[in-house]
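Chemist: Here you go, this is my_file-v6.cif (mmCIF, C-alpha atoms and all ligand atoms).
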data_input
#
loop_
_atom_site.label_atom_id
_atom_site.label_comp_id
_atom_site.auth_asym_id
_atom_site.auth_seq_id
_atom_site.Cartn_x
_atom_site.Cartn_y
_atom_site.Cartn_z
CA MET Q 22 -10.75 -35.22 13.38
CA ASP Q 23 -7.96 -34.92 15.87
CA GLU Q 24 -5.10 -35.22 13.42
CA GLY Q 25 -5.78 -31.77 11.95
CA HIS Q 26 -5.38 -30.02 15.29
CA THR Q 27 -2.37 -27.86 15.98
CA GLU Q 28 -0.17 -28.06 19.04
CA ALA Q 29 -1.74 -24.85 20.35
CA ASP Q 30 -5.20 -26.46 20.19
CA ARG Q 31 -4.04 -29.43 22.25
CA THR Q 32 -2.49 -27.31 24.97
CA GLU Q 33 -5.52 -25.01 25.35
CA PRO Q 34 -8.40 -27.34 26.23
CA SER Q 35 -10.10 -24.98 28.67
CA HIS Q 36 -12.23 -23.01 26.19
CA ALA Q 37 -14.38 -25.92 25.06
CA PRO Q 38 -16.35 -27.85 25.96
CA MET Q 39 -17.76 -25.69 28.71
CA PRO Q 40 -19.82 -27.33 31.48
CA GLY Q 41 -23.11 -28.42 29.97
CA ALA Q 42 -21.70 -28.77 26.46
CA GLU Q 43 -19.95 -32.11 27.01
CA SER Q 44 -22.82 -34.10 25.50
CA LEU Q 45 -22.79 -32.21 22.21
CA ALA Q 46 -21.52 -33.92 19.09
CA GLU Q 47 -18.32 -32.81 17.44
CA PRO Q 48 -17.63 -30.34 15.97
CA LEU Q 49 -20.14 -28.47 18.15
CA ARG Q 50 -18.48 -29.54 21.37
CA SER Q 51 -15.04 -28.11 20.68
CA ARG Q 52 -16.08 -25.00 18.78
CA TRP Q 53 -15.18 -21.64 20.21
CA SER Q 54 -14.00 -18.30 18.83
CA PRO Q 55 -10.29 -17.70 19.34
CA SER Q 56 -8.75 -14.27 18.82
CA ILE Q 57 -5.19 -15.45 18.35
CA PHE Q 58 -4.54 -16.74 14.85
CA ASP Q 59 -1.28 -17.99 13.39
CA ASP Q 60 -0.38 -15.33 10.83
CA THR Q 61 1.99 -17.66 8.99
CA HIS Q 62 -0.68 -20.27 8.22
CA ARG Q 63 -2.23 -20.37 4.77
CA LEU Q 64 -5.33 -22.25 3.75
CA GLY Q 65 -5.13 -24.17 0.49
CA PRO Q 66 -7.74 -23.54 -2.21
CA GLU Q 67 -9.25 -27.02 -1.71
CA ASP Q 68 -9.86 -26.29 1.95
CA VAL Q 69 -11.37 -22.91 1.16
CA GLU Q 70 -13.64 -24.60 -1.36
CA THR Q 71 -14.72 -27.26 1.16
CA LEU Q 72 -15.68 -24.51 3.64
CA LEU Q 73 -17.74 -22.82 0.93
CA HIS Q 74 -19.45 -26.13 0.08
CA ALA Q 75 -20.53 -26.37 3.72
CA ALA Q 76 -22.27 -23.00 3.38
CA GLN Q 77 -23.66 -23.94 -0.03
CA TRP Q 78 -25.44 -27.01 1.35
CA ALA Q 79 -27.20 -25.21 4.18
CA PRO Q 80 -31.00 -25.27 4.06
CA SER Q 81 -32.82 -22.05 3.17
CA TRP Q 82 -36.32 -20.64 2.70
CA GLY Q 83 -37.73 -22.14 -0.53
CA ASN Q 84 -34.14 -23.16 -1.31
CA SER Q 85 -33.57 -19.49 -2.13
CA GLN Q 86 -29.88 -19.56 -1.06
CA PRO Q 87 -29.80 -15.81 -0.47
CA TRP Q 88 -26.17 -15.71 0.71
CA ALA Q 89 -22.96 -14.54 -0.92
CA PHE Q 90 -19.36 -14.55 0.27
CA VAL Q 91 -16.26 -12.57 -0.63
CA VAL Q 92 -13.14 -14.67 0.01
CA ALA Q 93 -10.50 -12.38 1.50
CA GLU Q 94 -7.32 -14.37 1.95
CA ARG Q 95 -4.60 -12.71 4.02
CA GLY Q 96 -2.56 -10.53 1.68
CA SER Q 97 -5.10 -10.61 -1.15
CA PRO Q 98 -6.59 -7.44 -2.73
CA SER Q 99 -9.99 -8.03 -1.06
CA HIS Q 100 -8.26 -8.48 2.32
CA ASP Q 101 -6.45 -5.16 1.79
CA LEU Q 102 -9.82 -3.52 1.10
CA LEU Q 103 -11.42 -5.00 4.25
CA VAL Q 104 -8.73 -4.42 6.87
CA PRO Q 105 -8.85 -0.57 7.04
CA HIS Q 106 -12.56 -0.75 7.95
CA LEU Q 107 -12.24 -3.11 10.95
CA SER Q 108 -13.30 -1.76 14.34
CA ARG Q 109 -10.54 -0.98 16.83
CA GLY Q 110 -11.34 -4.16 18.77
CA ASN Q 111 -11.08 -6.35 15.69
CA ALA Q 112 -8.18 -4.65 13.91
CA GLY Q 113 -5.55 -6.56 15.91
CA TRP Q 114 -6.72 -10.12 15.54
CA VAL Q 115 -8.78 -10.37 12.33
CA PRO Q 116 -5.90 -9.61 9.91
CA ARG Q 117 -3.87 -12.53 11.34
CA ALA Q 118 -6.43 -15.15 10.25
CA SER Q 119 -5.66 -17.17 7.13
CA VAL Q 120 -8.84 -16.11 5.38
CA VAL Q 121 -11.87 -13.94 6.06
CA PHE Q 122 -15.19 -14.75 4.45
CA VAL Q 123 -17.16 -11.52 4.17
CA THR Q 124 -20.82 -12.49 4.21
CA ALA Q 125 -23.64 -10.75 2.37
CA VAL Q 126 -27.34 -11.41 2.04
CA GLN Q 127 -29.78 -10.62 -0.75
CA VAL Q 128 -32.47 -8.32 0.64
CA ALA Q 129 -34.18 -7.15 -2.58
CA PRO Q 130 -34.70 -8.54 -6.09
CA ASP Q 131 -31.82 -8.09 -8.53
CA PRO Q 132 -32.41 -5.99 -11.71
CA ALA Q 133 -33.77 -9.11 -13.44
CA GLY Q 134 -36.32 -9.50 -10.63
CA GLU Q 135 -34.61 -12.59 -9.21
CA GLY Q 136 -34.36 -13.31 -5.48
CA GLY Q 137 -34.99 -11.09 -2.49
CA ALA Q 138 -38.51 -12.47 -2.01
CA SER Q 139 -38.35 -13.01 1.76
CA PRO Q 140 -35.65 -10.81 3.30
CA GLY Q 141 -36.53 -11.82 6.87
CA HIS Q 142 -35.84 -15.45 6.12
CA ALA Q 143 -32.75 -14.46 4.17
CA PHE Q 144 -31.06 -13.22 7.36
CA HIS Q 145 -31.93 -16.51 9.03
CA ASP Q 146 -30.54 -18.45 6.08
CA LEU Q 147 -27.27 -16.52 5.90
CA GLY Q 148 -26.78 -17.16 9.61
CA GLN Q 149 -27.31 -20.84 9.06
CA ALA Q 150 -24.88 -20.95 6.14
CA ALA Q 151 -22.33 -19.13 8.32
CA ALA Q 152 -22.85 -21.69 11.08
CA HIS Q 153 -22.29 -24.56 8.65
CA LEU Q 154 -19.07 -23.02 7.39
CA THR Q 155 -17.93 -22.41 10.96
CA LEU Q 156 -18.58 -25.99 12.03
CA GLN Q 157 -17.00 -27.41 8.88
CA ALA Q 158 -13.89 -25.40 9.76
CA ARG Q 159 -13.76 -26.97 13.22
CA SER Q 160 -14.16 -30.45 11.77
CA MET Q 161 -11.09 -29.73 9.60
CA GLY Q 162 -9.00 -28.82 12.64
CA LEU Q 163 -9.44 -25.10 11.96
CA HIS Q 164 -11.00 -22.38 14.06
CA ALA Q 165 -13.50 -19.75 12.96
CA HIS Q 166 -14.41 -16.48 14.64
CA GLN Q 167 -17.39 -14.56 13.30
CA PHE Q 168 -17.41 -10.78 13.66
CA ALA Q 169 -19.57 -7.79 12.85
CA GLY Q 170 -17.30 -5.05 14.13
CA PHE Q 171 -16.44 -3.25 10.92
CA ASP Q 172 -17.84 -0.43 8.82
CA ARG Q 173 -20.33 -2.41 6.76
CA GLU Q 174 -21.20 0.46 4.42
CA ALA Q 175 -17.56 1.18 3.70
CA VAL Q 176 -16.87 -2.51 2.99
CA HIS Q 177 -20.01 -2.71 0.84
CA ALA Q 178 -18.65 0.12 -1.31
CA ALA Q 179 -15.01 -1.02 -1.27
CA LEU Q 180 -15.85 -4.56 -2.41
CA GLY Q 181 -18.36 -3.40 -5.05
CA VAL Q 182 -21.29 -5.27 -3.52
CA PRO Q 183 -24.55 -4.62 -5.41
CA VAL Q 184 -27.26 -2.58 -3.65
CA TRP Q 185 -29.65 -5.53 -3.47
CA PHE Q 186 -27.21 -7.24 -1.09
CA GLU Q 187 -26.37 -6.20 2.46
CA VAL Q 188 -22.92 -6.92 3.86
CA MET Q 189 -23.43 -8.57 7.25
CA THR Q 190 -20.39 -10.14 8.91
CA GLY Q 191 -16.94 -11.57 8.51
CA ILE Q 192 -15.89 -15.12 9.36
CA ALA Q 193 -12.18 -15.27 10.18
CA VAL Q 194 -10.76 -18.78 9.72
CA GLY Q 195 -7.34 -20.20 10.49
CA VAL Q 196 -5.36 -22.13 13.05
CA ARG Q 197 -4.73 -20.87 16.55
CA GLY Q 198 -1.46 -19.01 17.00
CA ASN Q 199 0.97 -18.58 19.83
CA PRO Q 200 -0.31 -16.16 22.52
CA GLU Q 201 3.25 -14.87 22.90
CA ASP Q 202 3.07 -13.46 19.37
CA VAL Q 203 0.23 -11.01 20.02
CA PRO Q 204 -0.13 -7.89 22.17
CA GLU Q 205 -1.50 -8.28 25.70
CA ARG Q 206 -4.81 -6.71 24.63
CA ASP Q 207 -5.49 -9.46 22.09
CA ARG Q 208 -4.27 -12.15 24.48
CA GLY Q 209 -6.70 -10.89 27.13
CA ARG Q 210 -9.67 -11.26 24.78
CA GLU Q 211 -9.38 -15.03 25.07
CA GLN Q 212 -9.33 -15.08 28.87
CA LYS Q 213 -13.04 -14.36 29.18
CA VAL Q 214 -15.00 -17.32 30.49
CA ARG Q 215 -17.51 -18.51 27.90
CA ARG Q 216 -21.01 -18.29 29.39
CA ARG Q 217 -24.53 -18.98 28.21
CA ARG Q 218 -27.99 -18.19 29.52
CA GLU Q 219 -29.70 -21.14 31.20
CA LEU Q 220 -32.26 -23.09 29.15
CA SER Q 221 -34.83 -22.03 31.75
CA GLU Q 222 -34.34 -18.42 30.61
CA PHE Q 223 -35.21 -18.97 26.96
CA VAL Q 224 -36.99 -22.32 26.54
CA TRP Q 225 -40.73 -22.57 27.17
CA GLY Q 226 -43.05 -25.54 27.38
CA PRO Q 227 -46.88 -25.45 27.55
CA SER Q 228 -46.88 -21.79 26.52
CA TRP Q 229 -44.54 -18.81 26.43
CA GLY Q 230 -43.14 -18.14 29.87
CA GLU Q 231 -44.07 -21.56 31.23
CA PRO Q 232 -40.96 -23.64 31.81
CA TRP Q 233 -40.25 -26.62 29.64
CA GLY Q 234 -39.05 -29.70 31.50
CA ALA Q 235 -37.01 -32.37 29.75
CA PRO Q 236 -38.79 -35.76 30.16
CA GLY Q 237 -37.46 -37.65 33.15
CA ARG Q 238 -35.53 -34.64 34.41
CA ALA Q 239 -35.61 -33.95 38.12
CA GLU Q 240 -37.35 -30.70 39.04
C1 LIG Q 301 -23.07 -11.86 14.29
C2 LIG Q 301 -21.87 -11.95 15.19
C3 LIG Q 301 -21.07 -10.82 15.38
C4 LIG Q 301 -19.92 -10.91 16.18
N1 LIG Q 301 -19.09 -9.81 16.25
C5 LIG Q 301 -17.90 -9.93 16.88
C6 LIG Q 301 -16.95 -8.88 16.82
O1 LIG Q 301 -17.14 -7.86 16.15
N2 LIG Q 301 -15.78 -9.07 17.48
C7 LIG Q 301 -15.50 -10.20 18.18
O2 LIG Q 301 -14.41 -10.32 18.74
N3 LIG Q 301 -16.39 -11.24 18.22
C8 LIG Q 301 -17.57 -11.12 17.59
N4 LIG Q 301 -18.45 -12.17 17.60
C9 LIG Q 301 -18.10 -13.42 18.32
C10 LIG Q 301 -18.89 -13.52 19.59
O3 LIG Q 301 -18.49 -12.52 20.47
C11 LIG Q 301 -18.69 -14.94 20.16
O4 LIG Q 301 -19.20 -15.88 19.26
C12 LIG Q 301 -19.41 -15.05 21.50
O5 LIG Q 301 -18.76 -14.26 22.45
C13 LIG Q 301 -19.46 -16.47 21.98
O6 LIG Q 301 -18.17 -17.00 22.10
P1 LIG Q 301 -17.83 -18.41 21.46
O7 LIG Q 301 -18.04 -18.27 19.96
O8 LIG Q 301 -16.39 -18.69 21.81
O9 LIG Q 301 -18.77 -19.41 22.02
C14 LIG Q 301 -19.60 -12.12 16.83
C15 LIG Q 301 -20.42 -13.24 16.65
C16 LIG Q 301 -21.54 -13.17 15.82
C17 LIG Q 301 -22.36 -14.41 15.60
#
I need this file expressed as structure tokens, please.
Modeler:
Amino acid sequence: MDEGHTEADRTEPSHAPMPGAESLAEPLRSRWSPSIFDDTHRLGPEDVETLLHAAQWAPSWGNSQPWAFVVAERGSPSHDLLVPHLSRGNAGWVPRASVVFVTAVQVAPDPAGEGGASPGHAFHDLGQAAAHLTLQARSMGLHAHQFAGFDREAVHAALGVPVWFEVMTGIAVGVRGNPEDVPERDRGREQKVRRRRELSEFVWGPSWGEPWGAPGRAE
């Protein structure tokens, strides 16, 4: 898995793994969300297809597969439709990625009465498909950065998404670029230390609120 990594990846080891994540398997261990993409890198159609297969093979409620993706490659018509609707914070870095997958989820039956049976699970399932795509990207030496900061209604309309789907997020995928090539503001985004809540704050044992203790773990 190492051979696909860029020089920038090798010289920036501090983002992952963070303390506590060293025992995770790859590609979980080295995944993080960069905001500096190489805007000269292009992803070949085979690689794009492999990423989509990762999403396709995610599990889902009743195998309902309620997800959909619009592939917005940098410079493509769908990319041009997306970019004007990015939030101010995302407008600098998202357009530099090689490709953005705009995600959507089916929340109601289509006109033929198909799908949309369990919208609550559909959100769960789309998230899982997005995670699979994101991890597949990492295993291919790529980086992915998911984002929700854009005008979802405007993108829904611009991309012609049917009303029984909701546009949810974007997944920007590419290789990490040179920090020197981006404005200070975008460079600063990556300086934040990656933190997580402790397991003791969200994992319960005998009942809700009662701490879970890993077997053999010292108190
Ligand atoms: C649903 C969702 C929405 C997000 N929206 C944004 C966003 O609009 N802009 C952004 O820079 N990052 C966004 N992120 C990325 C998170 O901020 C990032 O995953 C989190 O800070 C953890 O960092 P890490 O992925 O490097 O571990 C989003 C992530 C998810 C899953």
Chemist: 6 Å from ligand LIG 301 (chain Q) is the threshold here; counting only C-alpha atoms and all ligand atoms, which polymer residues fall inside it? Answer as number ranges by chain.
Modeler: Q: 53-54, 111, 167-170
Chemist: Please compute the CA of His100 in chain Q-CA of Gly195 in chain Q distance, one decimal, in Å.
Modeler: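 It comes out at 14.3 Å.
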Chemist: So that each row is one residue of range 97-200 of chain Q with an atom at most 6 Å from range 71-90 of chain Q, can you give its shortest atom pair and the distance in Å to one decimal, using only C-alpha atoms, rows by chain and rising number, as a tab-separated table?
Modeler:
residue	atom	partner	partner_atom	distance
Q:Phe122	CA	Q:Phe90	CA	5.9
Q:Val123	CA	Q:Phe90	CA	5.4
Q:Thr124	CA	Q:Phe90	CA	4.7
Q:Ala125	CA	Q:Ala89	CA	5.1
Q:Val126	CA	Q:Trp88	CA	4.7
Q:Gln127	CA	Q:Pro87	CA	5.2
Q:Ala143	CA	Q:Pro87	CA	5.7
Q:Asp146	CA	Q:Ser81	CA	5.2
Q:Leu147	CA	Q:Trp88	CA	5.4
Q:Ala150	CA	Q:Ala76	CA	4.3
Q:His153	CA	Q:Ala76	CA	5.5
Q:Leu154	CA	Q:Ala76	CA	5.1
Chemist: From the list Q:Ser56, Q:Ser119, Q:Ser51, Q:Ser139, which residue is nearest Ser97 in chain Q when using only C-alpha atoms?
Modeler: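 Distance minimum relative to Ser97 in chain Q lands on Q:Ser119.
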Chemist: Neighbours of Ser160 in chain Q within 8 Å (all atoms listed in the file; same-chain residues fewer than 3 positions away dropped), as a list of chain:residue names?
Modeler: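 Answer for this query is Q:Met22, Q:Glu47, Q:Pro48, Q:Leu156, Q:Gln157, Q:Leu163.
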Chemist: Can you measure CA of Glu187 in chain Q to CA of Arg173 in chain Q for me? One decimal in Å is fine.
Modeler: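 CA of Glu187 in chain Q sits 8.3 Å away from CA of Arg173 in chain Q.
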Chemist: Enclose all atoms of range 187-198 of chain Q listed in the file in an axis-aligned box, grow every side by 3 Å, and hand back centre and edge lengths in Å to one decimal, as lines of an AutoDock Vina configuration file.
Modeler:
center_x = -13.9
center_y = -14.2
center_z = 9.7
size_x = 30.9
size_y = 21.9
size_z = 20.5
Chemist: Using only C-alpha atoms, pick whichever of Q:Ala175, Q:Val120, Q:His36, Q:Arg210 has the shortest atom-to-atom distance to Leu102 in chain Q.
Modeler: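 The closest residue to Leu102 in chain Q is Q:Ala175.
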Chemist: Would you list the contacts of Arg208 in chain Q as a PyMOL selection string, taking every protein, DNA or RNA residue within 10 Å and counting all atoms listed in the file, but skipping same-chain residues closer than 4 positions in sequence?
Modeler: chain Q and resi 55-57+114+199-204+212
Chemist: Nearest to Asp68 in chain Q: which of Q:Val214, Q:Val194, Q:Ala42, Q:Ala179 is it, counting all atoms listed in the file?
Modeler: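 Nearest to Asp68 in chain Q: Q:Val194.
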Chemist: Using only C-alpha atoms, find the one residue out of Q:Arg63, Q:Val128, Q:Glu205, Q:Val121 that sits nearest to Pro183 in chain Q.
Modeler: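 Of all the options, Q:Val128 lies closest to Pro183 in chain Q.
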Chemist: In Å, with one decimal, what is the gap from CA of Glu211 in chain Q to CA of Ser35 in chain Q?
Modeler: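 Rounded to one decimal, the two atoms are 10.6 Å apart.
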Chemist: Identify which of the residues Q:His62, Q:His145, Q:Arg218, Q:Arg50 lies closest to Val196 in chain Q, counting all atoms listed in the file when measuring atom-to-atom distances.
Modeler: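 Nearest to Val196 in chain Q: Q:His62.
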Chemist: Go through Q:Pro227, Q:Pro132, Q:Gly141, Q:Gly96 one by one, measure the shortest atom-to-atom distance of each to Pro116 in chain Q using all atoms listed in the file, and give the residue with the smallest value.
Modeler: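 When distances to Pro116 in chain Q are compared using all atoms listed in the file, the smallest one comes from Q:Gly96.
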Chemist: Would you fill the gaps in range 141-160 of chain Q so it has N, CA and C atoms, then print it as a tab-separated table (two decimals), in the coordinates of the input?
Modeler:
chain	number	residue	atom	x	y	z
Q	141	GLY	N	-36.63	-11.37	5.47
Q	141	GLY	CA	-36.53	-11.82	6.87
Q	141	GLY	C	-35.93	-13.20	6.97
Q	142	HIS	N	-36.40	-14.10	6.12
Q	142	HIS	CA	-35.84	-15.45	6.12
Q	142	HIS	C	-34.40	-15.44	5.61
Q	143	ALA	N	-34.10	-14.50	4.74
Q	143	ALA	CA	-32.75	-14.46	4.17
Q	143	ALA	C	-31.70	-14.26	5.27
Q	144	PHE	N	-32.01	-13.43	6.26
Q	144	PHE	CA	-31.06	-13.22	7.36
Q	144	PHE	C	-30.88	-14.52	8.14
Q	145	HIS	N	-32.00	-15.20	8.35
Q	145	HIS	CA	-31.93	-16.51	9.03
Q	145	HIS	C	-31.04	-17.46	8.23
Q	146	ASP	N	-31.25	-17.49	6.92
Q	146	ASP	CA	-30.54	-18.45	6.08
Q	146	ASP	C	-29.05	-18.15	6.00
Q	147	LEU	N	-28.70	-16.86	5.92
Q	147	LEU	CA	-27.27	-16.52	5.90
Q	147	LEU	C	-26.63	-16.97	7.21
Q	148	GLY	N	-27.33	-16.74	8.33
Q	148	GLY	CA	-26.78	-17.16	9.61
Q	148	GLY	C	-26.54	-18.66	9.64
Q	149	GLN	N	-27.46	-19.38	9.05
Q	149	GLN	CA	-27.31	-20.84	9.06
Q	149	GLN	C	-26.14	-21.28	8.17
Q	150	ALA	N	-26.01	-20.63	7.02
Q	150	ALA	CA	-24.88	-20.95	6.14
Q	150	ALA	C	-23.56	-20.62	6.84
Q	151	ALA	N	-23.54	-19.51	7.57
Q	151	ALA	CA	-22.33	-19.13	8.32
Q	151	ALA	C	-22.02	-20.18	9.38
Q	152	ALA	N	-23.06	-20.67	10.04
Q	152	ALA	CA	-22.85	-21.69	11.08
Q	152	ALA	C	-22.27	-22.97	10.45
Q	153	HIS	N	-22.80	-23.33	9.29
Q	153	HIS	CA	-22.29	-24.56	8.65
Q	153	HIS	C	-20.82	-24.40	8.29
Q	154	LEU	N	-20.47	-23.25	7.75
Q	154	LEU	CA	-19.07	-23.02	7.39
Q	154	LEU	C	-18.19	-23.08	8.64
Q	155	THR	N	-18.68	-22.45	9.71
Q	155	THR	CA	-17.93	-22.41	10.96
Q	155	THR	C	-17.69	-23.81	11.53
Q	156	LEU	N	-18.71	-24.64	11.48
Q	156	LEU	CA	-18.58	-25.99	12.03
Q	156	LEU	C	-17.74	-26.87	11.12
Q	157	GLN	N	-17.86	-26.67	9.81
Q	157	GLN	CA	-17.00	-27.41	8.88
Q	157	GLN	C	-15.52	-27.08	9.18
Q	158	ALA	N	-15.26	-25.81	9.44
Q	158	ALA	CA	-13.89	-25.40	9.76
Q	158	ALA	C	-13.38	-26.18	10.97
Q	159	ARG	N	-14.19	-26.26	12.01
Q	159	ARG	CA	-13.76	-26.97	13.22
Q	159	ARG	C	-13.49	-28.44	12.93
Q	160	SER	N	-14.33	-29.03	12.06
Q	160	SER	CA	-14.16	-30.45	11.77
Q	160	SER	C	-12.90	-30.69	10.94
